[in-house]
Structures are given as C-alpha cells and as structure tokens.
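Structure file coords15.pdb (PDB, C-alpha atoms, pLDDT in the B column) follows.
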```pdb
MODEL        1
ATOM      1  CA  MET J   1     -68.615 293.672 106.649  1.00 57.00           C
ATOM      2  CA  VAL J   2     -69.280 291.511 103.585  1.00 72.00           C
ATOM      3  CA  ASN J   3     -66.193 291.097 101.428  1.00 91.00           C
ATOM      4  CA  TRP J   4     -66.782 289.914  97.851  1.00 95.00           C
ATOM      5  CA  VAL J   5     -63.755 288.817  95.817  1.00 95.00           C
ATOM      6  CA  ASN J   6     -63.658 288.658  92.015  1.00 96.00           C
ATOM      7  CA  VAL J   7     -62.866 285.145  90.775  1.00 96.00           C
ATOM      8  CA  VAL J   8     -63.518 284.989  87.034  1.00 96.00           C
ATOM      9  CA  SER J   9     -65.697 286.650  84.409  1.00 97.00           C
ATOM     10  CA  GLU J  10     -69.151 285.107  84.170  1.00 96.00           C
ATOM     11  CA  ALA J  11     -68.716 284.385  80.454  1.00 96.00           C
ATOM     12  CA  SER J  12     -65.349 282.637  80.768  1.00 96.00           C
ATOM     13  CA  LEU J  13     -66.718 279.372  82.214  1.00 96.00           C
ATOM     14  CA  ALA J  14     -68.854 277.004  80.159  1.00 96.00           C
ATOM     15  CA  ASN J  15     -71.414 274.722  81.781  1.00 95.00           C
ATOM     16  CA  GLY J  16     -69.637 271.856  83.529  1.00 94.00           C
ATOM     17  CA  GLU J  17     -66.360 273.757  83.840  1.00 96.00           C
ATOM     18  CA  HIS J  18     -64.646 274.961  86.989  1.00 97.00           C
ATOM     19  CA  VAL J  19     -61.790 277.149  88.116  1.00 97.00           C
ATOM     20  CA  VAL J  20     -59.709 276.951  91.292  1.00 98.00           C
ATOM     21  CA  VAL J  21     -58.363 280.123  92.881  1.00 96.00           C
ATOM     22  CA  ASN J  22     -56.492 280.783  96.093  1.00 95.00           C
ATOM     23  CA  ILE J  23     -58.151 283.375  98.307  1.00 92.00           C
ATOM     24  CA  ASP J  24     -56.588 284.229 101.661  1.00 88.00           C
ATOM     25  CA  GLY J  25     -54.722 280.894 101.656  1.00 91.00           C
ATOM     26  CA  ILE J  26     -57.855 278.840 100.887  1.00 93.00           C
ATOM     27  CA  ASN J  27     -58.224 277.010  97.558  1.00 96.00           C
ATOM     28  CA  VAL J  28     -61.726 277.727  96.274  1.00 97.00           C
ATOM     29  CA  ALA J  29     -63.305 275.764  93.436  1.00 98.00           C
ATOM     30  CA  VAL J  30     -66.015 277.578  91.465  1.00 98.00           C
ATOM     31  CA  PHE J  31     -68.253 275.474  89.216  1.00 98.00           C
ATOM     32  CA  LYS J  32     -70.793 276.447  86.572  1.00 98.00           C
ATOM     33  CA  ILE J  33     -73.643 273.924  86.363  1.00 97.00           C
ATOM     34  CA  ASN J  34     -76.633 274.649  84.100  1.00 95.00           C
ATOM     35  CA  GLY J  35     -75.897 278.376  84.221  1.00 95.00           C
ATOM     36  CA  THR J  36     -75.613 278.534  88.020  1.00 97.00           C
ATOM     37  CA  PHE J  37     -72.359 279.052  89.905  1.00 98.00           C
ATOM     38  CA  TYR J  38     -71.363 277.160  93.062  1.00 98.00           C
ATOM     39  CA  ALA J  39     -68.240 277.493  95.195  1.00 98.00           C
ATOM     40  CA  ILE J  40     -66.695 275.100  97.699  1.00 97.00           C
ATOM     41  CA  GLU J  41     -63.366 274.792  99.443  1.00 97.00           C
ATOM     42  CA  ASP J  42     -61.202 272.601  97.213  1.00 97.00           C
ATOM     43  CA  VAL J  43     -60.406 269.962  99.812  1.00 96.00           C
ATOM     44  CA  CYS J  44     -61.931 266.593 100.610  1.00 94.00           C
ATOM     45  CA  PRO J  45     -62.419 266.362 104.387  1.00 91.00           C
ATOM     46  CA  HIS J  46     -61.758 262.612 104.206  1.00 88.00           C
ATOM     47  CA  ASP J  47     -58.040 262.923 103.476  1.00 87.00           C
ATOM     48  CA  GLY J  48     -57.272 266.588 102.753  1.00 89.00           C
ATOM     49  CA  THR J  49     -56.640 266.247  99.010  1.00 91.00           C
ATOM     50  CA  GLU J  50     -58.150 268.423  96.298  1.00 96.00           C
ATOM     51  CA  ILE J  51     -61.610 267.554  95.019  1.00 97.00           C
ATOM     52  CA  ALA J  52     -62.232 269.917  92.082  1.00 97.00           C
ATOM     53  CA  THR J  53     -60.969 267.428  89.484  1.00 97.00           C
ATOM     54  CA  GLY J  54     -63.584 264.890  90.557  1.00 96.00           C
ATOM     55  CA  SER J  55     -66.471 263.793  88.364  1.00 96.00           C
ATOM     56  CA  LEU J  56     -69.711 265.743  88.391  1.00 96.00           C
ATOM     57  CA  ASP J  57     -73.098 264.081  88.827  1.00 96.00           C
ATOM     58  CA  GLY J  58     -75.601 266.906  88.397  1.00 96.00           C
ATOM     59  CA  THR J  59     -74.872 269.294  91.260  1.00 96.00           C
ATOM     60  CA  GLU J  60     -72.798 266.743  93.159  1.00 97.00           C
ATOM     61  CA  ILE J  61     -69.056 266.150  92.945  1.00 97.00           C
ATOM     62  CA  ILE J  62     -67.343 262.810  93.453  1.00 96.00           C
ATOM     63  CA  CYS J  63     -63.915 262.862  95.091  1.00 96.00           C
ATOM     64  CA  PRO J  64     -61.334 261.601  92.575  1.00 95.00           C
ATOM     65  CA  ARG J  65     -59.360 259.805  95.279  1.00 92.00           C
ATOM     66  CA  HIS J  66     -61.859 257.750  97.283  1.00 93.00           C
ATOM     67  CA  GLY J  67     -65.288 258.347  95.722  1.00 94.00           C
ATOM     68  CA  ALA J  68     -66.982 260.346  98.473  1.00 95.00           C
ATOM     69  CA  LYS J  69     -69.806 262.472  97.086  1.00 96.00           C
ATOM     70  CA  PHE J  70     -70.693 266.061  98.065  1.00 97.00           C
ATOM     71  CA  CYS J  71     -73.466 268.506  97.168  1.00 98.00           C
ATOM     72  CA  LEU J  72     -72.059 271.578  95.394  1.00 98.00           C
ATOM     73  CA  LYS J  73     -75.032 273.677  96.543  1.00 97.00           C
ATOM     74  CA  SER J  74     -74.498 273.156 100.273  1.00 97.00           C
ATOM     75  CA  GLY J  75     -71.204 271.281 100.714  1.00 97.00           C
ATOM     76  CA  THR J  76     -73.126 268.455 102.416  1.00 97.00           C
ATOM     77  CA  VAL J  77     -71.480 265.029 102.321  1.00 97.00           C
ATOM     78  CA  LYS J  78     -73.656 262.510 100.466  1.00 96.00           C
ATOM     79  CA  SER J  79     -71.635 259.298 100.748  1.00 94.00           C
ATOM     80  CA  ALA J  80     -68.737 257.664 102.587  1.00 93.00           C
ATOM     81  CA  PRO J  81     -65.868 257.415 103.112  1.00 93.00           C
ATOM     82  CA  ALA J  82     -66.210 261.098 104.045  1.00 92.00           C
ATOM     83  CA  TYR J  83     -68.401 262.051 106.995  1.00 94.00           C
ATOM     84  CA  GLU J  84     -67.734 265.788 107.227  1.00 96.00           C
ATOM     85  CA  ASN J  85     -69.137 268.494 104.951  1.00 97.00           C
ATOM     86  CA  ILE J  86     -67.066 270.706 102.670  1.00 96.00           C
ATOM     87  CA  MET J  87     -67.232 274.463 103.242  1.00 95.00           C
ATOM     88  CA  SER J  88     -69.778 275.943 100.841  1.00 96.00           C
ATOM     89  CA  ILE J  89     -68.995 279.522  99.850  1.00 96.00           C
ATOM     90  CA  PRO J  90     -71.579 282.154  98.843  1.00 96.00           C
ATOM     91  CA  VAL J  91     -71.375 283.194  95.177  1.00 97.00           C
ATOM     92  CA  ARG J  92     -72.852 286.115  93.286  1.00 97.00           C
ATOM     93  CA  ILE J  93     -72.592 287.710  89.855  1.00 97.00           C
ATOM     94  CA  TYR J  94     -71.716 291.404  89.941  1.00 97.00           C
ATOM     95  CA  ASN J  95     -71.025 293.475  86.813  1.00 97.00           C
ATOM     96  CA  GLY J  96     -70.303 290.309  84.823  1.00 96.00           C
ATOM     97  CA  MET J  97     -67.868 288.930  87.402  1.00 97.00           C
ATOM     98  CA  VAL J  98     -68.303 285.807  89.485  1.00 98.00           C
ATOM     99  CA  GLN J  99     -67.552 286.768  93.064  1.00 97.00           C
ATOM    100  CA  VAL J 100     -67.208 284.725  96.248  1.00 96.00           C
ATOM    101  CA  ASN J 101     -67.665 285.916  99.802  1.00 94.00           C
ATOM    102  CA  ASP J 102     -64.515 285.356 101.862  1.00 87.00           C
ATOM    103  CA  ASP J 103     -65.974 286.343 105.268  1.00 83.00           C
ATOM    104  CA  ASP J 104     -65.739 282.764 106.608  1.00 71.00           C
ATOM    105  CA  PHE J 105     -62.047 282.379 105.716  1.00 69.00           C
ATOM    106  CA  ASN J 106     -60.687 284.413 108.600  1.00 57.00           C
TER     107      ASN J 106
ENDMDL
END
```
Take the structure in this file and express it as structure tokens.
Amino acid sequence: MVNWVNVVSEASLANGEHVVVNIDGINVAVFKINGTFYAIEDVCPHDGTEIATGSLDGTEIICPRHGAKFCLKSGTVKSAPAYENIMSIPVRIYNGMVQVNDDDFN
C-alpha cells in the first residue's frame, strides 16, 4: 500500500528553500527548485552528517562538510569523497500539500 505523508503546504516554500522533517525516524529534506519539489534522506553517506544545509547548484546539492555532490532528482552521487547514493524519496502535490512516500522507510 502506498503511504503518502504531508510535509508542508506547497505555497510555504519559495524557490531555493527547503524543509527537513522527521518521518518514521528518518530525516527527510524537501527542496523546491524552479517550482519542482524533490526529497532526499538528509544524510551524507560519506560520513553520516546532515546534508540539507549544503549549497545548491541547480538540482544538485553539495555536502557542507566535505563537498560531495548529489543529484536531488535521483539521489545519485556526482563527486567524491562520497561513493554511495542518497535515498531519493517520491514527492507529489495533493490538495495543496507537498507529500512524500514513506514506503521505503520500513
């Protein structure tokens, strides 16, 4: 069964902003880039620290600790020192709410 969880109202995030929420013990970072929402687990696989406060480069995020770069669309690692992907989380807009799918958390 698909389980969608409300995160934030669609209108409450401006382009380039993000919010971090804890869902089922997982910190999820939701970003709004050019009107599109993306969600990833808020952890750098290189050293386990948060990544949401990193710099954005288009639809890529740069880890604030060691500079590894990841694609927000897919979670794919783009540069060292990380070599593992970040979990990408499906996002949808439903009745004005940004929702994420938490099926992969369990």
Contacts of region 31-40 of chain J within 9 Å, all atoms listed in the file, excl. fewer than 2 positions in-chain, as a ChimeraX atom specification:
/J:10,13-20,27-29,42-43,52,58-59,72-75,86-93,98,100
List the residues sitting within 10 Å of (-64.5, 258.7, 103.7) in the file's frame, using all atoms listed in the file, as a PyMOL selection string.
chain J and resi 44-47+63+65-69+77+79-84
If I take CA of Met97 (chain J) and CA of Val5 (chain J), how far is one from the other in Å, to one decimal?
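Atom-to-atom, CA of Met97 (chain J) and CA of Val5 (chain J) are spaced 9.4 Å apart.
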Distance criterion (only C-alpha atoms): nearest to Gly25 (chain J) out of J:Ser12, J:Gln99, J:Cys71, J:Glu41:
J:Glu41
One decimal, in Å: what's the spacing between CA of Asn6 (chain J) and CA of Tyr94 (chain J)?
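These atoms are spaced 8.8 Å apart.
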Between CA of Thr76 (chain J) and CA of Asn95 (chain J), distance in Å (one decimal):
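Straight-line distance from CA of Thr76 (chain J) to CA of Asn95 (chain J) works out to 29.6 Å.
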May I ask you to restore N, CA and C atoms in region 12-33 of chain J and write the result as a JSON list (two decimals), keeping the file's coordinate frame?
```json
[["chain", "number", "residue", "atom", "x", "y", "z"],
["J", 12, "SER", "N", -66.54, 283.43, 81.06],
["J", 12, "SER", "CA", -65.35, 282.64, 80.77],
["J", 12, "SER", "C", -65.47, 281.15, 81.13],
["J", 13, "LEU", "N", -66.52, 280.78, 81.89],
["J", 13, "LEU", "CA", -66.72, 279.37, 82.21],
["J", 13, "LEU", "C", -67.93, 278.83, 81.46],
["J", 14, "ALA", "N", -67.74, 277.70, 80.80],
["J", 14, "ALA", "CA", -68.85, 277.00, 80.16],
["J", 14, "ALA", "C", -69.52, 276.09, 81.18],
["J", 15, "ASN", "N", -70.74, 275.67, 80.89],
["J", 15, "ASN", "CA", -71.41, 274.72, 81.78],
["J", 15, "ASN", "C", -70.56, 273.47, 81.96],
["J", 16, "GLY", "N", -70.43, 273.04, 83.21],
["J", 16, "GLY", "CA", -69.64, 271.86, 83.53],
["J", 16, "GLY", "C", -68.17, 272.15, 83.80],
["J", 17, "GLU", "N", -67.75, 273.39, 83.59],
["J", 17, "GLU", "CA", -66.36, 273.76, 83.84],
["J", 17, "GLU", "C", -66.21, 274.33, 85.25],
["J", 18, "HIS", "N", -64.95, 274.37, 85.68],
["J", 18, "HIS", "CA", -64.65, 274.96, 86.99],
["J", 18, "HIS", "C", -63.31, 275.67, 86.93],
["J", 19, "VAL", "N", -63.07, 276.48, 87.94],
["J", 19, "VAL", "CA", -61.79, 277.15, 88.12],
["J", 19, "VAL", "C", -61.46, 277.08, 89.60],
["J", 20, "VAL", "N", -60.17, 276.95, 89.90],
["J", 20, "VAL", "CA", -59.71, 276.95, 91.29],
["J", 20, "VAL", "C", -58.83, 278.18, 91.50],
["J", 21, "VAL", "N", -59.14, 278.93, 92.55],
["J", 21, "VAL", "CA", -58.36, 280.12, 92.88],
["J", 21, "VAL", "C", -58.00, 280.07, 94.36],
["J", 22, "ASN", "N", -56.91, 280.71, 94.70],
["J", 22, "ASN", "CA", -56.49, 280.78, 96.09],
["J", 22, "ASN", "C", -56.88, 282.15, 96.63],
["J", 23, "ILE", "N", -57.71, 282.13, 97.68],
["J", 23, "ILE", "CA", -58.15, 283.38, 98.31],
["J", 23, "ILE", "C", -57.82, 283.30, 99.79],
["J", 24, "ASP", "N", -56.98, 284.19, 100.24],
["J", 24, "ASP", "CA", -56.59, 284.23, 101.66],
["J", 24, "ASP", "C", -56.05, 282.88, 102.14],
["J", 25, "GLY", "N", -55.31, 282.17, 101.28],
["J", 25, "GLY", "CA", -54.72, 280.89, 101.66],
["J", 25, "GLY", "C", -55.66, 279.70, 101.55],
["J", 26, "ILE", "N", -56.88, 279.91, 101.06],
["J", 26, "ILE", "CA", -57.86, 278.84, 100.89],
["J", 26, "ILE", "C", -58.05, 278.60, 99.40],
["J", 27, "ASN", "N", -57.92, 277.34, 98.95],
["J", 27, "ASN", "CA", -58.22, 277.01, 97.56],
["J", 27, "ASN", "C", -59.73, 276.88, 97.41],
["J", 28, "VAL", "N", -60.29, 277.68, 96.51],
["J", 28, "VAL", "CA", -61.73, 277.73, 96.27],
["J", 28, "VAL", "C", -62.00, 277.25, 94.86],
["J", 29, "ALA", "N", -62.90, 276.27, 94.74],
["J", 29, "ALA", "CA", -63.30, 275.76, 93.44],
["J", 29, "ALA", "C", -64.67, 276.35, 93.10],
["J", 30, "VAL", "N", -64.76, 276.99, 91.93],
["J", 30, "VAL", "CA", -66.02, 277.58, 91.46],
["J", 30, "VAL", "C", -66.46, 276.80, 90.24],
["J", 31, "PHE", "N", -67.68, 276.30, 90.28],
["J", 31, "PHE", "CA", -68.25, 275.47, 89.22],
["J", 31, "PHE", "C", -69.43, 276.19, 88.57],
["J", 32, "LYS", "N", -69.61, 275.96, 87.27],
["J", 32, "LYS", "CA", -70.79, 276.45, 86.57],
["J", 32, "LYS", "C", -71.58, 275.22, 86.13],
["J", 33, "ILE", "N", -72.79, 275.06, 86.67],
["J", 33, "ILE", "CA", -73.64, 273.92, 86.36],
["J", 33, "ILE", "C", -74.99, 274.47, 85.90]]
```
